[in-house]
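work-v9.cif (mmCIF, N, CA and C atoms)
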```
data_structure
loop_
_atom_site.label_atom_id
_atom_site.label_comp_id
_atom_site.auth_asym_id
_atom_site.auth_seq_id
_atom_site.Cartn_x
_atom_site.Cartn_y
_atom_site.Cartn_z
N MET N 16 1.18 4.01 4.48
CA MET N 16 0.01 3.45 3.84
C MET N 16 -1.13 4.46 3.73
N ALA N 17 -1.09 5.46 4.61
CA ALA N 17 -2.16 6.47 4.59
C ALA N 17 -2.16 7.23 3.27
N GLY N 18 -1.05 7.26 2.56
CA GLY N 18 -0.97 7.99 1.31
C GLY N 18 -1.21 7.16 0.07
N TYR N 19 -1.45 5.86 0.21
CA TYR N 19 -1.66 5.02 -0.97
C TYR N 19 -2.96 5.39 -1.66
N TRP N 20 -2.94 5.40 -2.99
CA TRP N 20 -4.16 5.76 -3.72
C TRP N 20 -5.27 4.72 -3.53
N LEU N 21 -4.93 3.54 -3.05
CA LEU N 21 -5.98 2.54 -2.76
C LEU N 21 -6.97 3.05 -1.72
N ASN N 22 -6.56 4.00 -0.89
CA ASN N 22 -7.46 4.59 0.10
C ASN N 22 -8.68 5.23 -0.54
N GLU N 23 -8.55 5.66 -1.77
CA GLU N 23 -9.67 6.27 -2.49
C GLU N 23 -10.80 5.28 -2.72
N TYR N 24 -10.46 4.00 -2.81
CA TYR N 24 -11.42 2.98 -3.21
C TYR N 24 -11.77 1.99 -2.09
N PHE N 25 -10.81 1.76 -1.21
CA PHE N 25 -10.98 0.75 -0.16
C PHE N 25 -10.51 1.31 1.19
N PRO N 26 -11.11 2.39 1.67
CA PRO N 26 -10.59 3.04 2.87
C PRO N 26 -10.65 2.20 4.15
N ARG N 27 -11.70 1.44 4.35
CA ARG N 27 -11.78 0.61 5.58
C ARG N 27 -10.74 -0.50 5.54
N MET N 28 -10.58 -1.13 4.39
CA MET N 28 -9.57 -2.17 4.25
C MET N 28 -8.19 -1.60 4.52
N MET N 29 -7.91 -0.44 3.97
CA MET N 29 -6.60 0.17 4.16
C MET N 29 -6.38 0.57 5.62
N ARG N 30 -7.41 1.06 6.29
CA ARG N 30 -7.27 1.39 7.73
C ARG N 30 -6.93 0.13 8.52
N GLY N 31 -7.57 -0.98 8.20
CA GLY N 31 -7.27 -2.24 8.87
C GLY N 31 -5.84 -2.67 8.63
N ALA N 32 -5.39 -2.58 7.38
CA ALA N 32 -4.01 -2.96 7.05
C ALA N 32 -3.01 -2.04 7.75
N GLN N 33 -3.34 -0.77 7.80
CA GLN N 33 -2.47 0.20 8.48
C GLN N 33 -2.36 -0.08 9.97
N ALA N 34 -3.45 -0.50 10.56
CA ALA N 34 -3.49 -0.69 12.01
C ALA N 34 -2.51 -1.76 12.49
N VAL N 35 -2.16 -2.70 11.64
CA VAL N 35 -1.23 -3.75 12.05
C VAL N 35 0.22 -3.45 11.69
N MET N 36 0.44 -2.31 11.05
CA MET N 36 1.79 -1.90 10.69
C MET N 36 2.30 -0.91 11.73
N PRO N 37 3.49 -1.11 12.24
CA PRO N 37 4.00 -0.15 13.23
C PRO N 37 4.31 1.19 12.57
N ASP N 38 4.02 2.26 13.31
CA ASP N 38 4.41 3.57 12.80
C ASP N 38 5.84 3.85 13.25
N VAL N 39 6.38 4.99 12.86
CA VAL N 39 7.77 5.32 13.14
C VAL N 39 8.05 5.33 14.64
N GLU N 40 7.15 5.89 15.42
CA GLU N 40 7.36 5.95 16.87
C GLU N 40 7.36 4.56 17.50
N GLN N 41 6.47 3.71 17.06
CA GLN N 41 6.45 2.33 17.58
C GLN N 41 7.74 1.60 17.22
N LEU N 42 8.24 1.84 16.02
CA LEU N 42 9.48 1.23 15.58
C LEU N 42 10.65 1.73 16.43
N ARG N 43 10.71 3.03 16.64
CA ARG N 43 11.78 3.60 17.48
C ARG N 43 11.71 3.04 18.90
N ASP N 44 10.50 2.94 19.46
CA ASP N 44 10.34 2.40 20.82
C ASP N 44 10.80 0.95 20.89
N ALA N 45 10.41 0.15 19.90
CA ALA N 45 10.80 -1.27 19.89
C ALA N 45 12.31 -1.41 19.76
N LEU N 46 12.91 -0.59 18.92
CA LEU N 46 14.36 -0.65 18.77
C LEU N 46 15.05 -0.20 20.06
N GLY N 47 14.48 0.82 20.70
CA GLY N 47 15.05 1.28 21.97
C GLY N 47 15.02 0.19 23.02
N THR N 48 13.92 -0.55 23.08
CA THR N 48 13.80 -1.67 24.01
C THR N 48 14.86 -2.73 23.70
N ALA N 49 15.18 -2.88 22.44
CA ALA N 49 16.20 -3.84 22.02
C ALA N 49 17.60 -3.23 22.05
N ARG N 50 17.70 -2.07 22.69
CA ARG N 50 18.98 -1.36 22.80
C ARG N 50 19.59 -1.06 21.43
N SER N 51 18.74 -0.63 20.54
CA SER N 51 19.15 -0.26 19.18
C SER N 51 18.52 1.08 18.84
N ARG N 52 18.91 1.60 17.70
CA ARG N 52 18.34 2.86 17.23
C ARG N 52 18.31 2.84 15.71
N VAL N 53 17.43 3.66 15.15
CA VAL N 53 17.37 3.80 13.69
C VAL N 53 18.61 4.57 13.25
N ALA N 54 19.42 3.94 12.42
CA ALA N 54 20.63 4.58 11.91
C ALA N 54 20.39 5.20 10.54
N ASN N 55 19.49 4.58 9.78
CA ASN N 55 19.23 5.08 8.43
C ASN N 55 17.91 4.52 7.94
N TYR N 56 17.26 5.29 7.10
CA TYR N 56 16.03 4.86 6.46
C TYR N 56 16.20 5.08 4.96
N VAL N 57 15.94 4.05 4.19
CA VAL N 57 16.06 4.14 2.74
C VAL N 57 14.68 3.88 2.14
N PRO N 58 14.08 4.90 1.52
CA PRO N 58 12.76 4.68 0.91
C PRO N 58 12.86 3.72 -0.27
N TRP N 59 11.81 2.92 -0.44
CA TRP N 59 11.73 2.00 -1.56
C TRP N 59 10.42 2.24 -2.28
N PHE N 60 10.53 2.46 -3.56
CA PHE N 60 9.36 2.72 -4.39
C PHE N 60 9.04 1.48 -5.23
N ILE N 61 7.78 1.14 -5.32
CA ILE N 61 7.35 -0.02 -6.11
C ILE N 61 7.77 0.22 -7.56
N PRO N 62 8.58 -0.68 -8.14
CA PRO N 62 8.97 -0.49 -9.55
C PRO N 62 7.82 -0.89 -10.48
N GLU N 63 7.87 -0.36 -11.67
CA GLU N 63 6.80 -0.65 -12.63
C GLU N 63 6.83 -2.09 -13.12
N ASN N 64 7.97 -2.75 -13.07
CA ASN N 64 8.10 -4.11 -13.59
C ASN N 64 8.10 -5.16 -12.47
N LEU N 65 7.50 -4.85 -11.36
CA LEU N 65 7.46 -5.76 -10.21
C LEU N 65 6.76 -7.06 -10.58
N ARG N 66 7.30 -8.18 -10.13
CA ARG N 66 6.73 -9.48 -10.45
C ARG N 66 6.00 -10.10 -9.27
N ASP N 67 6.40 -9.76 -8.05
CA ASP N 67 5.73 -10.29 -6.87
C ASP N 67 4.39 -9.59 -6.69
N HIS N 68 3.49 -10.24 -5.97
CA HIS N 68 2.18 -9.65 -5.72
C HIS N 68 1.92 -9.56 -4.23
N PHE N 69 1.60 -8.38 -3.78
CA PHE N 69 1.21 -8.12 -2.41
C PHE N 69 0.32 -6.89 -2.46
N LEU N 70 -0.15 -6.40 -1.31
CA LEU N 70 -1.20 -5.38 -1.30
C LEU N 70 -0.97 -4.24 -2.29
N TYR N 71 0.20 -3.66 -2.30
CA TYR N 71 0.39 -2.46 -3.13
C TYR N 71 1.23 -2.72 -4.37
N SER N 72 1.39 -3.99 -4.74
CA SER N 72 2.20 -4.28 -5.91
C SER N 72 1.53 -3.85 -7.21
N GLY N 73 0.25 -3.50 -7.17
CA GLY N 73 -0.44 -3.00 -8.36
C GLY N 73 -0.38 -1.49 -8.47
N LYS N 74 0.56 -0.87 -7.79
CA LYS N 74 0.66 0.59 -7.79
C LYS N 74 0.59 1.17 -9.20
N HIS N 75 1.32 0.59 -10.12
CA HIS N 75 1.36 1.11 -11.49
C HIS N 75 0.39 0.39 -12.42
N ARG N 76 -0.30 -0.61 -11.89
CA ARG N 76 -1.23 -1.40 -12.71
C ARG N 76 -2.55 -1.54 -11.96
N PRO N 77 -3.31 -0.46 -11.84
CA PRO N 77 -4.54 -0.49 -11.04
C PRO N 77 -5.55 -1.52 -11.50
N GLU N 78 -5.48 -1.93 -12.76
CA GLU N 78 -6.43 -2.93 -13.27
C GLU N 78 -6.29 -4.27 -12.53
N LEU N 79 -5.14 -4.52 -11.91
CA LEU N 79 -4.97 -5.76 -11.16
C LEU N 79 -5.98 -5.88 -10.02
N TYR N 80 -6.33 -4.75 -9.41
CA TYR N 80 -7.27 -4.77 -8.29
C TYR N 80 -8.70 -5.09 -8.72
N LEU N 81 -8.96 -5.09 -10.01
CA LEU N 81 -10.28 -5.47 -10.50
C LEU N 81 -10.45 -6.99 -10.51
N GLU N 82 -9.33 -7.71 -10.44
CA GLU N 82 -9.35 -9.18 -10.52
C GLU N 82 -9.56 -9.78 -9.13
N GLU N 83 -10.60 -10.55 -8.98
CA GLU N 83 -10.90 -11.19 -7.69
C GLU N 83 -9.73 -12.08 -7.24
N ARG N 84 -9.13 -12.78 -8.17
CA ARG N 84 -8.00 -13.66 -7.84
C ARG N 84 -6.83 -12.86 -7.27
N TYR N 85 -6.57 -11.70 -7.84
CA TYR N 85 -5.48 -10.85 -7.35
C TYR N 85 -5.78 -10.37 -5.93
N ARG N 86 -7.00 -9.88 -5.72
CA ARG N 86 -7.38 -9.41 -4.38
C ARG N 86 -7.34 -10.54 -3.36
N ALA N 87 -7.72 -11.74 -3.78
CA ALA N 87 -7.72 -12.89 -2.87
C ALA N 87 -6.31 -13.24 -2.41
N GLY N 88 -5.32 -12.88 -3.20
CA GLY N 88 -3.93 -13.14 -2.85
C GLY N 88 -3.31 -12.07 -1.96
N SER N 89 -4.08 -11.06 -1.63
CA SER N 89 -3.58 -9.96 -0.80
C SER N 89 -4.09 -10.11 0.63
N SER N 90 -3.17 -10.14 1.58
CA SER N 90 -3.60 -10.27 2.98
C SER N 90 -4.46 -9.08 3.40
N GLY N 91 -4.21 -7.91 2.85
CA GLY N 91 -5.02 -6.74 3.19
C GLY N 91 -6.48 -6.95 2.85
N PHE N 92 -6.74 -7.42 1.64
CA PHE N 92 -8.13 -7.68 1.23
C PHE N 92 -8.70 -8.87 2.00
N ARG N 93 -7.89 -9.92 2.18
CA ARG N 93 -8.39 -11.12 2.88
C ARG N 93 -8.72 -10.82 4.34
N ARG N 94 -7.85 -10.09 5.00
CA ARG N 94 -8.03 -9.87 6.44
C ARG N 94 -8.97 -8.72 6.77
N PHE N 95 -8.94 -7.67 5.95
CA PHE N 95 -9.63 -6.44 6.33
C PHE N 95 -10.70 -5.99 5.35
N GLY N 96 -10.79 -6.63 4.21
CA GLY N 96 -11.80 -6.22 3.22
C GLY N 96 -13.17 -6.74 3.59
N ASP N 97 -14.18 -6.00 3.21
CA ASP N 97 -15.54 -6.51 3.37
C ASP N 97 -16.22 -6.44 2.01
N ALA N 98 -17.20 -7.30 1.82
CA ALA N 98 -17.82 -7.48 0.51
C ALA N 98 -18.42 -6.19 -0.04
N ASP N 99 -19.11 -5.41 0.79
CA ASP N 99 -19.74 -4.18 0.30
C ASP N 99 -18.72 -3.16 -0.15
N GLU N 100 -17.72 -2.90 0.70
CA GLU N 100 -16.70 -1.92 0.31
C GLU N 100 -15.94 -2.39 -0.91
N THR N 101 -15.58 -3.67 -0.96
CA THR N 101 -14.82 -4.18 -2.09
C THR N 101 -15.62 -4.06 -3.38
N SER N 102 -16.87 -4.44 -3.35
CA SER N 102 -17.72 -4.34 -4.53
C SER N 102 -17.82 -2.89 -5.01
N ASP N 103 -18.10 -1.98 -4.09
CA ASP N 103 -18.21 -0.56 -4.44
C ASP N 103 -16.88 -0.02 -4.94
N GLY N 104 -15.79 -0.35 -4.25
CA GLY N 104 -14.47 0.14 -4.64
C GLY N 104 -14.06 -0.34 -6.02
N VAL N 105 -14.33 -1.61 -6.31
CA VAL N 105 -14.00 -2.18 -7.61
C VAL N 105 -14.79 -1.47 -8.72
N LYS N 106 -16.06 -1.22 -8.47
CA LYS N 106 -16.88 -0.51 -9.48
C LYS N 106 -16.34 0.89 -9.74
N ARG N 107 -16.02 1.61 -8.67
CA ARG N 107 -15.51 2.98 -8.85
C ARG N 107 -14.15 2.97 -9.52
N LEU N 108 -13.29 2.01 -9.13
CA LEU N 108 -11.97 1.91 -9.75
C LEU N 108 -12.10 1.58 -11.24
N ALA N 109 -12.97 0.64 -11.58
CA ALA N 109 -13.18 0.29 -12.99
C ALA N 109 -13.66 1.50 -13.79
N ARG N 110 -14.57 2.26 -13.20
CA ARG N 110 -15.08 3.46 -13.86
C ARG N 110 -13.94 4.48 -14.06
N ASP N 111 -13.13 4.70 -13.03
CA ASP N 111 -12.05 5.69 -13.14
C ASP N 111 -10.99 5.25 -14.14
N ILE N 112 -10.75 3.94 -14.24
CA ILE N 112 -9.82 3.45 -15.26
C ILE N 112 -10.41 3.66 -16.64
N ALA N 113 -11.66 3.28 -16.83
CA ALA N 113 -12.33 3.40 -18.13
C ALA N 113 -12.44 4.85 -18.58
N GLU N 114 -12.66 5.75 -17.64
CA GLU N 114 -12.83 7.17 -17.97
C GLU N 114 -11.52 7.94 -17.87
N ASP N 115 -10.41 7.22 -17.74
CA ASP N 115 -9.07 7.79 -17.74
C ASP N 115 -8.84 8.82 -16.62
N ARG N 116 -9.47 8.61 -15.47
CA ARG N 116 -9.26 9.48 -14.30
C ARG N 116 -8.23 8.92 -13.34
N ILE N 117 -7.91 7.65 -13.49
CA ILE N 117 -7.06 6.99 -12.51
C ILE N 117 -5.67 7.63 -12.43
N GLY N 118 -5.14 8.07 -13.54
CA GLY N 118 -3.81 8.69 -13.54
C GLY N 118 -3.75 9.90 -12.63
N LYS N 119 -4.77 10.73 -12.69
CA LYS N 119 -4.82 11.93 -11.85
C LYS N 119 -4.93 11.55 -10.37
N ILE N 120 -5.73 10.54 -10.08
CA ILE N 120 -5.89 10.09 -8.70
C ILE N 120 -4.57 9.53 -8.18
N MET N 121 -3.92 8.71 -8.98
CA MET N 121 -2.64 8.13 -8.57
C MET N 121 -1.58 9.23 -8.37
N ALA N 122 -1.53 10.19 -9.27
CA ALA N 122 -0.55 11.27 -9.17
C ALA N 122 -0.77 12.10 -7.91
N GLY N 123 -2.01 12.22 -7.47
CA GLY N 123 -2.31 12.98 -6.26
C GLY N 123 -1.82 12.30 -4.99
N HIS N 124 -1.36 11.07 -5.09
CA HIS N 124 -0.88 10.33 -3.93
C HIS N 124 0.62 10.04 -3.98
N GLU N 125 1.34 10.65 -4.89
CA GLU N 125 2.79 10.45 -4.96
C GLU N 125 3.46 11.11 -3.76
N ASN N 126 4.59 10.56 -3.33
CA ASN N 126 5.33 11.12 -2.21
C ASN N 126 6.81 10.82 -2.38
N ASP N 127 7.62 11.43 -1.53
CA ASP N 127 9.07 11.21 -1.57
C ASP N 127 9.53 10.24 -0.48
N ASP N 128 8.60 9.74 0.34
CA ASP N 128 8.95 8.88 1.46
C ASP N 128 9.06 7.41 1.09
N GLY N 129 8.68 7.07 -0.12
CA GLY N 129 8.71 5.68 -0.53
C GLY N 129 7.39 5.00 -0.26
N ASN N 130 7.17 3.89 -0.92
CA ASN N 130 5.98 3.09 -0.67
C ASN N 130 6.23 2.14 0.50
N TYR N 131 7.46 1.77 0.65
CA TYR N 131 7.95 0.98 1.77
C TYR N 131 9.32 1.55 2.10
N GLY N 132 9.96 1.01 3.08
CA GLY N 132 11.28 1.51 3.40
C GLY N 132 12.13 0.47 4.09
N TRP N 133 13.41 0.62 3.92
CA TRP N 133 14.39 -0.24 4.60
C TRP N 133 14.91 0.54 5.79
N VAL N 134 14.86 -0.08 6.94
CA VAL N 134 15.36 0.56 8.15
C VAL N 134 16.63 -0.15 8.58
N LEU N 135 17.69 0.63 8.73
CA LEU N 135 18.96 0.11 9.22
C LEU N 135 19.06 0.53 10.68
N ALA N 136 19.27 -0.45 11.55
CA ALA N 136 19.36 -0.16 12.97
C ALA N 136 20.77 -0.48 13.47
N ASP N 137 21.23 0.32 14.42
CA ASP N 137 22.51 0.10 15.08
C ASP N 137 22.25 -0.39 16.48
N LYS N 138 23.01 -1.38 16.90
CA LYS N 138 22.96 -1.86 18.28
C LYS N 138 23.78 -0.91 19.13
N ARG N 139 23.21 -0.47 20.23
CA ARG N 139 23.94 0.45 21.10
C ARG N 139 24.93 -0.30 21.96
#
```

Can you dump the structure from the file as structure tokens?
Amino acid sequence: MAGYWLNEYFPRMMRGAQAVMPDVEQLRDALGTARSRVANYVPWFIPENLRDHFLYSGKHRPELYLEERYRAGSSGFRRFGDADETSDGVKRLARDIAEDRIGKIMAGHENDDGNYGWVLADKR
């Protein structure tokens, strides 16, 4: 989540959302406690034609984050967003979309690790 382009506009909200997600070491520790281990990790990238809505489902459609209704449906915004940051972030995002800067910002956050990932664990 640290690499999501949403960090450019809503950094405190994203830090809050990140804080409740286990990192790789926490996942390995939990699996070890369960006498399991990570056998494989398969990165998953948000497709452009995604129909479900969750925090990062607007990856390819940044205009979705301008809609209050869309943000209200996201646990990240509901749980960790604050009015001042959201208002400021929405204004800056709208400006970057209107001035055609959003593509460059989004491209600067691309990675090969996936937006999410599937973890396959083996029981020891």

Requested in this report: Would you return as a PyMOL selection string the members of segment 22-133 of chain N that DSSP assigns to helix (DSSP H, G or I) on this structure's backbone?
Outcome: chain N and resi 22-23+26-34+39-48+77-81+83-87+90-95+98-113+117-122

Query - Picked residues, the PyMOL selection byres (((chain N and resi 55-71 and name CA) around 10) and name CA), expected as a ChimeraX atom specification - result: /N:16,19-21,29,32,52-54,72-77,79-80,85-86,88-92,126-137

Query raised in the report: Between atom C of Ala17 of chain N and atom C of Val39 of chain N, what is the spacing in Å?
Result: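 Atom-to-atom, atom C of Val39 of chain N to atom C of Ala17 of chain N, that is 15.4 Å.
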
Query raised in the report: Quick one: distance from atom N of Thr48 of chain N to atom CA of Val35 of chain N in Å, one decimal?
Result: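 The value is 19.0 Å.
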
**Report entry** Distance in Å - atom N of Arg139 of chain N versus atom N of Leu46 of chain N
**Finding:**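 The value is 10.4 Å.
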
Find the residues of segment 20-62 of chain N that sit at most 7 Å from segment 95-115 of chain N; for each, write down the nearest two atoms and how far apart they are in Å, to one decimal. Count only N, CA and C atoms. Sort by chain, then by number going up, and give it as JSON lines.
```
{"residue": "N:Glu23", "atom": "C", "partner": "N:Gly104", "partner_atom": "CA", "distance": 6.6}
{"residue": "N:Tyr24", "atom": "C", "partner": "N:Gly104", "partner_atom": "CA", "distance": 4.1}
{"residue": "N:Phe25", "atom": "N", "partner": "N:Gly104", "partner_atom": "CA", "distance": 5.3}
{"residue": "N:Arg27", "atom": "C", "partner": "N:Phe95", "partner_atom": "C", "distance": 5.5}
{"residue": "N:Met28", "atom": "CA", "partner": "N:Phe95", "partner_atom": "C", "distance": 4.1}
{"residue": "N:Met29", "atom": "N", "partner": "N:Phe95", "partner_atom": "C", "distance": 6.4}
{"residue": "N:Gly31", "atom": "CA", "partner": "N:Phe95", "partner_atom": "CA", "distance": 5.4}
{"residue": "N:Ala32", "atom": "N", "partner": "N:Phe95", "partner_atom": "CA", "distance": 5.8}
```
